[in-house]
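Taking it in order: structure first as structure tokens, then the write-up.
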Amino acid sequence: MGADLYGVVMQAEGFRHACRVYAPVGSHEDLLPYLVRRLLENGSNTSFVNRIVDPNIQAEQVAEDPVARVQHTQPVAHPGIPLPRQLFGTGRLNSHGVNFANASELQSLAAAMQPFANASWDARPILAGTGSSDQNQAMANLNPAVPADQVGQVFASTAADIERAVSTARAFAAGWDRTPVTLRAGMLEKAADLMEERTPELMVICAREAGKTPRDCVAEVREAVDFLRYYAMQARAQFDQPVLLPGPTGERNQLSLHGKGVFVCISPWNFPLAIFTGQVSAALAAGNTVLAKPAEQTPAVAAVVTRILHQAGIPREALQLLPGDGATVGAVLTSDPRIDGVAFTGSTETARLINRALAARDAPIATLIAETGGQNAMIVDSSALPEQVVKDVISSAFFSAGQRCSAARVLFLQQDIADRVLELLAGAMEELVVGDPRKLLTDVGPVIDEDALAILNAHAKRMETVGKRVAVARLPDDLKGHFFAPCAYEIPSLDVLEREVFGPILHVIRYRARDIDQVIGQINDSNYGLTLGIHSRIDRSQDYIVSRIHAGNCYINRNMVGAVVGVQPFGGERLSGTGPKAGGPHYLQRFATERTLSTNTAAVGGNASLLALED
């Protein structure tokens with residue numbers, strides 16, 4: 001492609017320098033993608049190789065200094081390309097991110113986080129009337145070396161706290177629902193701004209209480225901020241004005257949305273900031289009062305978020321925090337006849353218990369919005385690019401210590417490329433850094449507590465007998481805390497797995513191309529339906545799998561974690577959740593009740609709108 005240029009250089013009179021020709025060497029499978037990229041680049045109209053043979057372009061133009069050209073150019077934003085902050089249009093701002101490739105930005109962030117390195121946070125119940133309960137006057141003093149379950153359980157709410165909170169929420173529900181939607185939405189947007197301002201503090205507390213790495217911390221803050229702004233936007237669009245419905249002349253019909261009453265929001269420890277914020281903000285935006293019950297492992301994060309929402313203007317009567325375990329707080333709340341709905345994210349087993357508790361009450365039928373786990377699979381056929389597959393498998397299965405409900409648990413590999421992919425996967429796993437979540441170089445932090453670690457160790461021990469080890473990441477000897485080495489095992493079929501294993505363990509199953517229907521059947525027969533990954537460069541294969549699989553979120557040729565609010569609404573079906581999807585356009589409606597108003601406008605003497613019609 002550069003032959004013409006080389007010819008000119010070599011034939012130049014008085015030429016005294018060597019001319020080097022760059023010629024990559026390698027196998028067909030490695031060089032073909034490279035060649036395609038070079039053809040696309042060098043074949044473009046702006047390519048140096050292309051322009052040098054164009055007789056209509058002067059040599060001085062081709063040899064123009066690009067740096068000097070940029071320096072003398074006045075930058076003008078393209079109207080069709082939004083800046084990152086305006087990515088989602090005029091309805092809401094995009095959350096601020098962190099460029100981890102920018103050393104100066106990281107230094108500034110680290111300096112802002114330093115004051116919170118040894119800080120303490122008040123994680124007591126937060127009730128209306130006073131700042132917090134008179135019980136449990138301890139402060140959360142967190143350290144990732146200290147098991148998380150020894151931090152959260154001491155802050156349980158008392159029976160008196162629960163009764164007081166429920167009574168207050170019940171009494172305030174109607175008043176909060178009558179609060180103008182624009183005011184409620186404005187409070188949520190104010191909370192989003194405050195949360196962005198406190199990003200360094202929120203990152204530190206997520207690392208220290210939940211063991212999250214810096215990248216996970218940034219992603220969690222951004223998701224929480226996006227939830228606040230997205231639900232504020234949706235509330236304005238859906239709740240501000242009633243929808244006018246068609247009908248006969250002389251009659252006016254309209255449909256409006258209102259809060260159901262009192263919602264209990266039960267959030268998990270694996271996303272103590274984002275999911276806690278998402279549940280609470282959705283319920284508040286729809287006009288409900290909220291009783292928030294965070295996971296017992298992460299009460300301090302929830303307490304900080306609750307105070308931010310109060311600072312933004314949310315009345316204490318509208319949002320109260322009741323930390324504690326499921327038996328003494330969650331079970332009491334979900335069995336109370338004054339509760340109108342529950343938003344829950346956690347295990348399928350706990351979702352069943354909540355469903356039964358709500359059904360057993362002698363009370364109006366309550367709403368249950370549940371997002372649970374899944375036996376999430378990634379299907380890879382022989383057309384996939386192995387290097388990309390491995391990159392996406394690593395991030396989907398092992399980052400966040402595998403403690404995402406969307407994480408890849410099972411990798412179905414077509415037999416033709418299985419050996420090559422597993423070789424690359426084993427090599428990539430050797431490079432994983434397991435360690436202190438506060439360090440930037442750490443890829444995988446600790447699992448949440450001692451119970452989780454015991455379950456993972458027991459499962460890995462079982463896999464050593466029923467499966468075949470692919471690789472196990474290195475685990476430093478000097479680590480203190482609940483650390484587990486990411487590992488991968490080949491298993492004969494999905495039936496080997498009795499339930500979802502929540503952590504960085506990947507199960508690999510080989511399949512033949514002609515057995516793709518059996519693979520789809522195995523996945524569907526698990527009765528889970530949360531996420532699915534597909535790696536294939538054949539459109540027909542992608543469409544075939546997507547049209548037959550039962551999964552709430554499908555991801556093609558990318559990782560299968562990190563759903564973005566309003567872009568990839570998240571939620572499963574069957575054992576993986578009730579829907580509607582969090583961060584989607586239908587979510588708020590599940591927190592609302594519909595009311596129809598029909599008015600006989602002719603009763604006052606006639607239909608005035610007819611008189612206004614032109615001839």
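We label chains A, B, ... in the order they appear in the structure tokens, count residues from 1 in each chain, and number ligands from 1 in the order shown.
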
- [ ] From a DSSP pass on the backbone, collect the residues of range 239-339 of chain A flagged as helix (DSSP H, G or I) and hand them back as a count of residues only.
- [x] 35

Task: Who sits within 12 Å of Gly529 in chain A, only C-alpha atoms, same chain under 5 positions skipped, as a ChimeraX atom specification - done: /A:348,371-377,405-406,520,522-524,549-554,570-579

Could the residues of range 255-324 of chain A that have an atom at most 8 Å from range 116-122 of chain A be listed as JSON lines, each with its closest atom pair and the distance in Å to one decimal, counting only C-alpha atoms and ordered by chain and ascending residue number?
```
{"residue": "A:Ala300", "atom": "CA", "partner": "A:Trp121", "partner_atom": "CA", "distance": 6.1}
{"residue": "A:Ala303", "atom": "CA", "partner": "A:Asp122", "partner_atom": "CA", "distance": 7.1}
{"residue": "A:Val304", "atom": "CA", "partner": "A:Trp121", "partner_atom": "CA", "distance": 7.6}
```

Output file for the selection above: N, CA and C atoms, as a compact mmCIF listing (two decimals), in the first residue's frame:
```
# COMPACT_ATOMS: atom_id res chain seq x y z
N ALA A 300 -23.71 1.70 56.44
CA ALA A 300 -23.12 3.04 56.45
C ALA A 300 -23.32 3.75 55.11
N ALA A 303 -26.79 5.02 55.01
CA ALA A 303 -27.00 6.18 55.89
C ALA A 303 -26.51 7.47 55.25
N VAL A 304 -25.37 7.41 54.57
CA VAL A 304 -24.84 8.59 53.90
C VAL A 304 -25.79 9.04 52.79
```

Task: Selection near Asp177 in chain A, 12 Å with only C-alpha atoms, sequence-local residues under 3 positions removed, as a ChimeraX atom specification - done: /A:169-174,180-184,239-240,257-262,283-290,318,591-593

Open item on the list: For a quick check of understanding, using only C-alpha atoms, which of A:Ala370, A:Val9, A:Ala359, A:Leu610 has the smallest distance to Arg590 in chain A?
Closed with: A:Ala370

- [ ] Calculate how many Å separate CA of Asn56 in chain A from CA of Leu39 in chain A, rounding to one decimal.
- [x] 22.1 Å

Open item on the list: Set the distance at 8 Å and use only C-alpha atoms: which residues neighbour Ile52 in chain A once local chain neighbours fewer than 6 positions away are removed? I'd like the list as a list in words.
Closed with: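 Near Ile52 in chain A, the qualifying residues are Leu5, Ala59 and Val62 of chain A.
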
Open item on the list: I'd like the interatomic distance between CA of Gly445 in chain A and CA of Leu194 in chain A, to a tenth of an Å.
Closed with: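 Between these atoms lies a distance of 27.5 Å.
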